[in-house]
file target.cif (mmCIF, C-alpha atoms)
data_run
#
loop_
_atom_site.label_atom_id
_atom_site.label_comp_id
_atom_site.auth_asym_id
_atom_site.auth_seq_id
_atom_site.Cartn_x
_atom_site.Cartn_y
_atom_site.Cartn_z
CA MET Q 1123 0.00 0.00 0.00
CA ASN Q 1124 1.44 3.37 -0.99
CA ASP Q 1125 0.92 5.77 1.90
CA ASP Q 1126 2.51 7.70 4.77
CA ARG Q 1127 1.20 6.89 8.22
CA SER Q 1128 1.28 9.50 11.00
CA SER Q 1129 1.41 9.04 14.74
CA SER Q 1130 -0.91 10.50 17.35
CA VAL Q 1131 -0.91 14.27 17.72
CA HIS Q 1132 -1.35 14.18 21.49
CA GLY Q 1133 1.44 15.99 23.32
CA ARG Q 1134 2.03 18.50 20.49
CA SER Q 1135 0.26 21.80 20.03
CA VAL Q 1136 -1.59 21.38 16.76
CA SER Q 1137 -4.66 23.37 15.75
CA LEU Q 1138 -7.55 21.40 14.29
CA TYR Q 1139 -10.69 22.90 12.79
CA LYS Q 1140 -14.33 21.88 12.66
CA TYR Q 1141 -16.68 23.33 10.05
CA PHE Q 1142 -20.26 24.02 11.16
CA PRO Q 1143 -23.45 25.10 9.33
CA PRO Q 1144 -25.09 28.33 10.58
CA GLU Q 1145 -27.82 26.61 12.60
CA ARG Q 1146 -25.14 25.18 14.88
CA VAL Q 1147 -24.35 28.52 16.53
CA ASP Q 1148 -25.83 26.85 19.61
CA PHE Q 1149 -22.47 25.08 19.89
CA PHE Q 1150 -21.27 28.08 21.90
CA ALA Q 1151 -24.04 27.50 24.44
CA SER Q 1152 -23.74 23.72 24.85
CA HIS Q 1153 -20.29 23.00 23.33
CA LEU Q 1154 -21.76 19.72 22.06
CA VAL Q 1155 -20.34 18.13 18.93
CA ARG Q 1156 -21.68 15.20 16.97
CA PHE Q 1157 -19.79 11.96 16.62
CA THR Q 1158 -21.16 10.83 13.27
CA PRO Q 1159 -21.95 7.18 12.49
CA PRO Q 1160 -20.16 6.05 9.30
CA SER Q 1161 -23.50 5.36 7.56
CA ALA Q 1162 -24.08 9.15 7.50
CA PHE Q 1163 -20.79 9.94 5.74
CA ASN Q 1164 -20.89 11.43 2.25
CA ASP Q 1165 -18.13 9.04 1.11
CA PRO Q 1166 -19.60 5.54 0.51
CA PHE Q 1167 -16.11 3.99 0.80
CA ASP Q 1168 -15.35 5.56 4.17
CA THR Q 1169 -14.85 3.14 7.09
CA LYS Q 1170 -15.83 0.25 4.85
CA PRO Q 1171 -12.99 -2.27 4.55
CA VAL Q 1172 -13.11 -5.05 2.00
CA ILE Q 1173 -13.93 -8.43 3.59
CA SER Q 1174 -11.25 -10.69 2.14
CA ALA Q 1175 -11.10 -14.46 1.77
CA GLY Q 1176 -7.48 -14.29 2.87
CA GLY Q 1177 -4.70 -11.75 2.50
CA ASP Q 1178 -4.64 -8.64 0.38
CA PRO Q 1179 -7.68 -8.81 -1.98
CA THR Q 1180 -5.73 -6.94 -4.70
CA GLN Q 1181 -3.52 -10.04 -4.96
CA LEU Q 1182 -6.44 -12.45 -5.12
CA ASP Q 1183 -6.35 -13.09 -8.85
CA LEU Q 1184 -2.63 -13.87 -8.95
CA ALA Q 1185 -1.78 -17.49 -9.61
CA THR Q 1186 -0.63 -19.61 -6.67
CA PRO Q 1187 1.77 -22.11 -8.33
CA HIS Q 1188 2.04 -24.52 -5.41
CA ALA Q 1189 -1.59 -24.46 -4.33
CA PRO Q 1190 -3.97 -23.94 -7.30
CA MET Q 1191 -6.89 -25.53 -5.44
CA VAL Q 1192 -6.42 -23.16 -2.50
CA SER Q 1193 -6.35 -20.23 -4.89
CA GLN Q 1194 -9.59 -21.35 -6.57
CA LEU Q 1195 -11.23 -21.88 -3.20
CA ARG Q 1196 -10.26 -18.40 -2.10
CA GLN Q 1197 -11.67 -16.87 -5.26
CA SER Q 1198 -14.94 -18.76 -4.85
CA LEU Q 1199 -15.21 -17.69 -1.23
CA GLN Q 1200 -14.43 -14.10 -2.18
CA LYS Q 1201 -17.38 -14.08 -4.58
CA VAL Q 1202 -19.63 -15.08 -1.69
CA TYR Q 1203 -18.17 -12.29 0.48
CA ASP Q 1204 -18.68 -9.77 -2.30
CA VAL Q 1205 -22.35 -10.67 -2.62
CA MET Q 1206 -23.14 -10.96 1.08
CA MET Q 1207 -20.75 -8.66 2.93
CA ASN Q 1208 -19.10 -6.17 0.55
CA ARG Q 1209 -22.32 -4.62 -0.64
CA PRO Q 1210 -22.75 -0.81 -0.47
CA ARG Q 1211 -23.52 0.49 3.04
CA MET Q 1212 -23.34 -2.98 4.60
CA GLY Q 1213 -20.13 -2.35 6.53
CA GLN Q 1214 -20.91 1.27 7.36
CA ASN Q 1215 -24.30 0.42 8.87
CA PHE Q 1216 -22.79 -2.32 11.01
CA ILE Q 1217 -19.88 -0.19 12.24
CA GLY Q 1218 -22.23 2.71 12.95
CA LEU Q 1219 -23.95 0.64 15.63
CA THR Q 1220 -20.73 0.70 17.67
CA TYR Q 1221 -18.71 3.77 16.72
CA GLY Q 1222 -19.06 7.50 16.14
CA ILE Q 1223 -16.45 9.73 14.54
CA LEU Q 1224 -15.58 13.40 15.01
CA SER Q 1225 -13.95 14.70 11.82
CA MET Q 1226 -11.71 17.77 11.85
CA SER Q 1227 -9.19 19.36 9.52
CA GLU Q 1228 -5.75 20.96 9.57
CA ARG Q 1229 -7.25 23.67 7.36
CA ASN Q 1230 -9.55 26.57 8.15
CA ASP Q 1231 -9.25 28.16 4.72
CA SER Q 1232 -10.53 25.50 2.31
CA LEU Q 1233 -13.05 27.08 -0.06
CA LEU Q 1234 -14.49 23.64 -0.81
CA MET Q 1235 -15.06 22.82 2.85
CA TRP Q 1236 -16.49 26.25 3.59
CA ALA Q 1237 -18.95 25.59 0.75
CA HIS Q 1238 -19.79 21.97 1.65
CA TYR Q 1239 -19.69 21.86 5.44
CA ALA Q 1240 -20.31 25.51 6.40
CA GLU Q 1241 -23.24 25.95 4.02
CA ASP Q 1242 -21.72 28.21 1.39
CA HIS Q 1243 -19.77 30.36 3.87
CA ARG Q 1244 -22.89 31.01 5.97
CA GLY Q 1245 -21.60 28.96 8.86
CA PHE Q 1246 -18.43 29.11 10.94
CA VAL Q 1247 -15.27 27.20 11.83
CA VAL Q 1248 -14.14 26.35 15.35
CA GLN Q 1249 -10.47 25.96 16.21
CA PHE Q 1250 -9.49 23.30 18.77
CA ARG Q 1251 -6.27 22.79 20.72
CA SER Q 1252 -5.71 19.13 19.98
CA SER Q 1253 -3.03 18.69 22.65
CA HIS Q 1254 -5.83 18.99 25.21
CA ARG Q 1255 -6.43 15.71 27.07
CA TRP Q 1256 -9.97 15.53 25.66
CA PHE Q 1257 -8.42 14.80 22.25
CA VAL Q 1258 -6.35 11.80 23.32
CA GLY Q 1259 -6.44 9.31 20.44
CA VAL Q 1260 -6.99 11.83 17.64
CA ARG Q 1261 -5.22 10.68 14.48
CA LYS Q 1262 -4.45 11.89 11.00
CA ILE Q 1263 -6.14 10.34 7.99
CA VAL Q 1264 -3.97 8.50 5.47
CA TYR Q 1265 -4.94 8.97 1.81
CA SER Q 1266 -4.35 5.95 -0.38
CA ASP Q 1267 -5.23 4.32 -3.71
CA GLU Q 1268 -6.02 1.01 -2.01
CA ARG Q 1269 -8.78 0.17 0.43
CA PRO Q 1270 -8.08 -1.47 3.79
CA PHE Q 1271 -9.27 -5.05 4.23
CA VAL Q 1272 -10.29 -7.50 6.90
CA ALA Q 1273 -9.47 -11.19 6.44
CA PRO Q 1274 -11.42 -13.24 9.03
CA PHE Q 1275 -9.24 -16.33 8.53
CA SER Q 1276 -5.93 -14.47 8.64
CA LYS Q 1277 -3.33 -15.49 11.22
CA SER Q 1278 -2.42 -11.82 11.64
CA PRO Q 1279 -4.44 -10.21 14.48
CA SER Q 1280 -4.29 -6.83 12.73
CA GLN Q 1281 -6.05 -8.30 9.66
CA SER Q 1282 -8.46 -10.77 11.22
CA SER Q 1283 -11.03 -8.33 12.63
CA PHE Q 1284 -12.18 -4.76 12.19
CA GLU Q 1285 -11.43 -3.70 15.74
CA ASN Q 1286 -7.84 -4.97 15.64
CA SER Q 1287 -6.89 -2.87 12.64
CA ASP Q 1288 -6.50 0.90 12.84
CA ASP Q 1289 -6.46 1.15 9.05
CA ASN Q 1290 -10.21 0.83 8.79
CA PHE Q 1291 -10.90 4.14 10.54
CA TYR Q 1292 -8.00 6.15 9.19
CA ILE Q 1293 -7.64 5.42 5.45
CA LYS Q 1294 -9.56 7.28 2.73
CA GLY Q 1295 -9.25 7.65 -1.05
CA ARG Q 1296 -6.80 10.20 -2.41
CA ASP Q 1297 -9.58 12.38 -3.85
CA TRP Q 1298 -10.29 13.52 -0.27
CA ALA Q 1299 -6.70 14.56 0.46
CA TYR Q 1300 -7.53 18.28 0.20
CA GLU Q 1301 -9.47 17.99 3.47
CA LYS Q 1302 -6.34 17.12 5.52
CA GLU Q 1303 -8.60 15.32 7.95
CA TRP Q 1304 -7.97 14.18 11.51
CA ARG Q 1305 -10.35 11.94 13.46
CA LEU Q 1306 -11.39 11.20 16.99
CA VAL Q 1307 -13.20 7.86 17.30
CA ARG Q 1308 -15.44 6.98 20.23
CA LYS Q 1309 -17.52 3.91 21.03
CA VAL Q 1310 -21.28 4.12 21.51
CA GLY Q 1311 -22.00 4.35 25.22
CA ALA Q 1312 -19.65 7.27 25.81
CA TRP Q 1313 -22.20 9.86 24.72
CA GLU Q 1314 -23.34 12.58 27.08
CA LEU Q 1315 -26.48 13.16 25.07
CA THR Q 1316 -28.24 10.99 22.52
CA SER Q 1317 -31.21 12.26 20.55
CA LYS Q 1318 -33.02 11.47 17.32
CA ASP Q 1319 -33.96 13.57 14.34
CA GLU Q 1320 -35.87 12.59 11.21
CA LYS Q 1321 -32.83 11.02 9.56
CA SER Q 1322 -30.61 9.47 12.18
CA GLN Q 1323 -29.58 9.13 15.76
CA LEU Q 1324 -27.37 11.92 17.07
CA HIS Q 1325 -24.54 11.02 19.44
CA LEU Q 1326 -23.20 14.13 21.16
CA LEU Q 1327 -20.28 14.90 23.46
CA SER Q 1328 -19.39 18.19 25.13
CA VAL Q 1329 -15.98 19.67 24.30
CA PRO Q 1330 -14.27 21.38 27.27
CA VAL Q 1331 -14.22 25.15 26.83
CA SER Q 1332 -10.49 25.07 27.57
CA ALA Q 1333 -9.96 23.05 24.35
CA ILE Q 1334 -11.70 25.66 22.16
CA THR Q 1335 -9.36 28.44 21.07
CA ALA Q 1336 -10.99 30.45 18.27
CA VAL Q 1337 -13.98 30.89 15.98
CA PHE Q 1338 -13.86 31.95 12.32
CA ILE Q 1339 -17.13 33.53 11.20
CA GLY Q 1340 -18.33 32.88 7.65
CA ALA Q 1341 -18.22 35.72 5.14
CA ARG Q 1342 -21.91 35.21 4.28
CA MET Q 1343 -23.43 34.41 7.66
CA PRO Q 1344 -27.09 35.61 7.77
CA SER Q 1345 -27.84 38.57 10.03
CA ASP Q 1346 -30.16 36.65 12.37
CA ARG Q 1347 -27.59 33.88 12.93
CA ARG Q 1348 -24.86 36.47 13.40
CA THR Q 1349 -26.89 38.15 16.12
CA GLN Q 1350 -27.30 34.80 17.91
CA LEU Q 1351 -23.62 34.01 17.53
CA ASP Q 1352 -22.39 37.39 18.77
CA SER Q 1353 -24.60 37.17 21.84
CA LEU Q 1354 -23.18 33.76 22.72
CA LEU Q 1355 -19.58 34.79 22.08
CA LEU Q 1356 -19.93 37.71 24.49
CA GLU Q 1357 -20.99 35.42 27.34
CA LYS Q 1358 -18.46 34.78 30.10
CA GLN Q 1359 -17.89 31.10 29.29
CA ASN Q 1360 -16.62 32.07 25.84
CA SER Q 1361 -14.63 35.11 26.95
CA ARG Q 1362 -11.22 33.66 26.08
CA LEU Q 1363 -12.04 32.72 22.50
CA VAL Q 1364 -10.29 34.55 19.69
CA ILE Q 1365 -12.93 35.89 17.29
CA VAL Q 1366 -12.05 36.17 13.60
CA GLN Q 1367 -14.12 37.42 10.68
CA SER Q 1368 -13.52 35.77 7.30
CA LYS Q 1369 -13.75 37.93 4.20
CA LEU Q 1370 -13.61 37.18 0.49
CA SER Q 1371 -10.40 38.41 -1.09
CA ILE Q 1372 -10.92 41.14 -3.68
CA ARG Q 1373 -8.17 39.91 -5.99
CA ARG Q 1374 -7.59 36.22 -5.28
CA PHE Q 1375 -9.54 32.96 -4.86
CA GLU Q 1376 -8.96 32.88 -1.12
CA LEU Q 1377 -10.24 34.02 2.25
CA GLU Q 1378 -8.82 36.77 4.41
CA PHE Q 1379 -9.10 36.54 8.20
CA VAL Q 1380 -9.52 39.68 10.30
CA PRO Q 1381 -9.48 39.53 14.15
CA VAL Q 1382 -12.48 41.16 15.82
CA ALA Q 1383 -12.16 42.91 19.20
CA ARG Q 1384 -14.92 42.19 21.71
CA LYS Q 1385 -15.79 45.86 22.08
CA THR Q 1386 -16.25 46.02 18.29
CA LEU Q 1387 -18.39 42.89 18.38
CA LYS Q 1388 -20.52 44.34 21.20
CA ALA Q 1389 -21.00 47.65 19.38
CA ALA Q 1390 -22.08 45.88 16.19
CA LEU Q 1391 -24.49 43.68 18.14
CA ASN Q 1392 -26.03 46.69 19.88
CA ALA Q 1393 -26.45 48.46 16.55
CA ARG Q 1394 -28.33 45.48 15.11
CA THR Q 1395 -30.56 44.92 18.13
CA THR Q 1396 -31.34 48.52 19.23
CA PRO Q 1397 -34.58 49.81 17.67
CA THR Q 1398 -34.20 52.87 15.47
CA ALA Q 1399 -35.48 55.99 17.17
CA ILE Q 1400 -38.80 57.33 15.82
CA ARG Q 1401 -38.51 60.80 14.40
#
call {"tool": "encode", "arguments": {"input": "target.cif", "output": "C-alpha cells"}}
result
Amino acid sequence: MNDDRSSSVHGRSVSLYKYFPPERVDFFASHLVRFTPPSAFNDPFDTKPVISAGGDPTQLDLATPHAPMVSQLRQSLQKVYDVMMNRPRMGQNFIGLTYGILSMSERNDSLLMWAHYAEDHRGFVVQFRSSHRWFVGVRKIVYSDERPFVAPFSKSPSQSSFENSDDNFYIKGRDWAYEKEWRLVRKVGAWELTSKDEKSQLHLLSVPVSAITAVFIGARMPSDRRTQLDSLLLEKQNSRLVIVQSKLSIRRFELEFVPVARKTLKAALNARTTPTAIR
C-alpha cells in the first residue's frame, strides 16, 4: 500500500478545525459536537474495509503455483463475500452501531469545505487545541489508492477483525486529500447526550471550553444567525475565544481573516438589536 502513516498528535500543540453550518451557533451555548456514524458519511467507501477471503484482496487473482486448489477456493469464497458482505452500506451500517467519529481538519481556509460543510460560507469554523487531554487518540487520515481489508481467517491479528486494525478508521481515497482530515473515534456508550432527528440518531459529546481556542465567522453568515452568535460569544464562558471574521479576497480565490475585538463585536451587536429611534 502506498501511503505515509502519521502518529498520534497528542502531546504537540496542533490546531484542528471543525466546520459548522449556521444553525449550529448553539455550539457556543452547549459546546456539544456530533460523533457521526459512518453510515451518514458522504463518502460511501469511508470506514468500509473489504472483507477478504485471505490476504490482500488486490492479490487475489494472482496465480498460486504450489496451491492452485487453494487459490480457486479463495476466489470462490471471495465471490460469496462480495455478494453478502461487501455490498454498499453494509459495513458502514454495522460499524455505525458501535462507533461514532468526530472529523476535523488541519485547514480553516478551504473554499471547498467552507462551501460543503459551512453551508456556502454562511456557517463558521471552530479551532481546537488538539493537545488537550480531551483529544487523546486523535489521528491523522492516510490517503491511499487502495482500500483497507479484513481477512477473518488471517493469522495476523491486525487483519483478522475490524477492531484490531487501525487502518479501517483512518484510510480514505486520495480524492479527499484536500481535506487534511484528523479523526477522533469513540464507542457508543460514551455519549453525554443521545437524541433522534428525522434522519438518524445523534450522538453528542461536550468539548471542554479550555480546548476551544478560536472561531472563524463565515463571510456570508445571515444577520439573524450572526446576532445569535455574537450574543453567545460575548458570554463569560466564551470570553477567552479569539474571534475572527472571514472575508472574500478582492483579488484572489482565497479568504482573508480579520481579528475582531470584543468591544467592536458588542457595538455591532447593539447596533443590530437597538430599535431605530422614531422621528
call {"tool": "closest_residue", "arguments": {"input": "target.cif", "among": "Q:Val1136, Q:Ala1389, Q:Val1260, Q:Leu1326", "to": "Arg1156 in chain Q", "atoms": "all atoms listed in the file"}}
result
Q:Leu1326
call {"tool": "atom_distance", "arguments": {"input": "target.cif", "atom1": "CA of Trp1236 in chain Q", "atom2": "CA of Val1155 in chain Q"}}
result
17.8 Å
call {"tool": "atom_distance", "arguments": {"input": "target.cif", "atom1": "CA of Leu1387 in chain Q", "atom2": "CA of Gln1350 in chain Q"}}
result
12.0 Å
call {"tool": "closest_residue", "arguments": {"input": "target.cif", "among": "Q:Val1329, Q:Ile1293, Q:Ala1393, Q:Ala1151", "to": "Lys1262 in chain Q", "atoms": "all atoms listed in the file"}}
result
Q:Ile1293
call {"tool": "closest_residue", "arguments": {"input": "target.cif", "among": "Q:Phe1150, Q:Leu1233, Q:Thr1158, Q:Ala1341", "to": "Arg1374 in chain Q", "atoms": "only C-alpha atoms"}}
result
Q:Leu1233
call {"tool": "resolve_selection", "arguments": {"input": "target.cif", "expression": "the PyMOL selection byres ((chain Q and resi 1168) around 9)", "output": "PDB file with C-alpha atoms, in the coordinates of the input"}}
result
ATOM      1  CA  PRO Q1160     -20.160   6.050   9.300  1.00  0.00           C
ATOM      2  CA  SER Q1161     -23.500   5.360   7.560  1.00  0.00           C
ATOM      3  CA  PHE Q1163     -20.790   9.940   5.740  1.00  0.00           C
ATOM      4  CA  ASN Q1164     -20.890  11.430   2.250  1.00  0.00           C
ATOM      5  CA  ASP Q1165     -18.130   9.040   1.110  1.00  0.00           C
ATOM      6  CA  PRO Q1166     -19.600   5.540   0.510  1.00  0.00           C
ATOM      7  CA  PHE Q1167     -16.110   3.990   0.800  1.00  0.00           C
ATOM      8  CA  THR Q1169     -14.850   3.140   7.090  1.00  0.00           C
ATOM      9  CA  LYS Q1170     -15.830   0.250   4.850  1.00  0.00           C
ATOM     10  CA  PRO Q1171     -12.990  -2.270   4.550  1.00  0.00           C
ATOM     11  CA  GLN Q1214     -20.910   1.270   7.360  1.00  0.00           C
ATOM     12  CA  ASN Q1290     -10.210   0.830   8.790  1.00  0.00           C
ATOM     13  CA  PHE Q1291     -10.900   4.140  10.540  1.00  0.00           C
ATOM     14  CA  TYR Q1292      -8.000   6.150   9.190  1.00  0.00           C
ATOM     15  CA  ILE Q1293      -7.640   5.420   5.450  1.00  0.00           C
ATOM     16  CA  LYS Q1294      -9.560   7.280   2.730  1.00  0.00           C
ATOM     17  CA  GLY Q1295      -9.250   7.650  -1.050  1.00  0.00           C
TER      18      GLY Q1295
END
call {"tool": "residues_around", "arguments": {"input": "target.cif", "residues": "Asp1297 in chain Q", "least_positions_apart": "6", "cutoff": "10 Å", "atoms": "all atoms listed in the file", "output": "PyMOL selection string"}}
result
chain Q and resi 1265-1267
call {"tool": "write_last_selection", "arguments": {"input": "target.cif", "atoms": "C-alpha atoms", "output": "compact mmCIF listing (two decimals), in the frame of the given file"}}
result
# COMPACT_ATOMS: atom_id res chain seq x y z
CA TYR Q 1265 -4.94 8.97 1.81
CA SER Q 1266 -4.35 5.95 -0.38
CA ASP Q 1267 -5.23 4.32 -3.71
call {"tool": "resolve_selection", "arguments": {"input": "target.cif", "expression": "the PyMOL selection byres ((chain Q and resi 1302-1312) around 6)", "output": "VMD selection string"}}
result
chain Q and resid 1220 to 1228 1260 to 1263 1299 to 1301 1313
call {"tool": "write_last_selection", "arguments": {"input": "target.cif", "atoms": "C-alpha atoms", "output": "compact mmCIF listing (two decimals), keeping the file's coordinate frame"}}
result
# COMPACT_ATOMS: atom_id res chain seq x y z
CA THR Q 1220 -20.73 0.70 17.67
CA TYR Q 1221 -18.71 3.77 16.72
CA GLY Q 1222 -19.06 7.50 16.14
CA ILE Q 1223 -16.45 9.73 14.54
CA LEU Q 1224 -15.58 13.40 15.01
CA SER Q 1225 -13.95 14.70 11.82
CA MET Q 1226 -11.71 17.77 11.85
CA SER Q 1227 -9.19 19.36 9.52
CA GLU Q 1228 -5.75 20.96 9.57
CA VAL Q 1260 -6.99 11.83 17.64
CA ARG Q 1261 -5.22 10.68 14.48
CA LYS Q 1262 -4.45 11.89 11.00
CA ILE Q 1263 -6.14 10.34 7.99
CA ALA Q 1299 -6.70 14.56 0.46
CA TYR Q 1300 -7.53 18.28 0.20
CA GLU Q 1301 -9.47 17.99 3.47
CA TRP Q 1313 -22.20 9.86 24.72
call {"tool": "resolve_selection", "arguments": {"input": "target.cif", "expression": "the PyMOL selection byres ((chain Q and resi 1391) around 12)", "output": "PyMOL selection string"}}
result
chain Q and resi 1345-1356+1384-1390+1392-1397
call {"tool": "atom_distance", "arguments": {"input": "target.cif", "atom1": "CA of Ser1332 in chain Q", "atom2": "CA of Ile1365 in chain Q"}}
result
15.1 Å
call {"tool": "closest_residue", "arguments": {"input": "target.cif", "among": "Q:Glu1268, Q:Pro1143, Q:Leu1138, Q:Phe1257", "to": "Ala1237 in chain Q", "atoms": "all atoms listed in the file"}}
result
Q:Pro1143
call {"tool": "closest_residue", "arguments": {"input": "target.cif", "among": "Q:Lys1140, Q:Lys1369, Q:His1325, Q:Lys1358", "to": "Arg1229 in chain Q", "atoms": "all atoms listed in the file"}}
result
Q:Lys1140
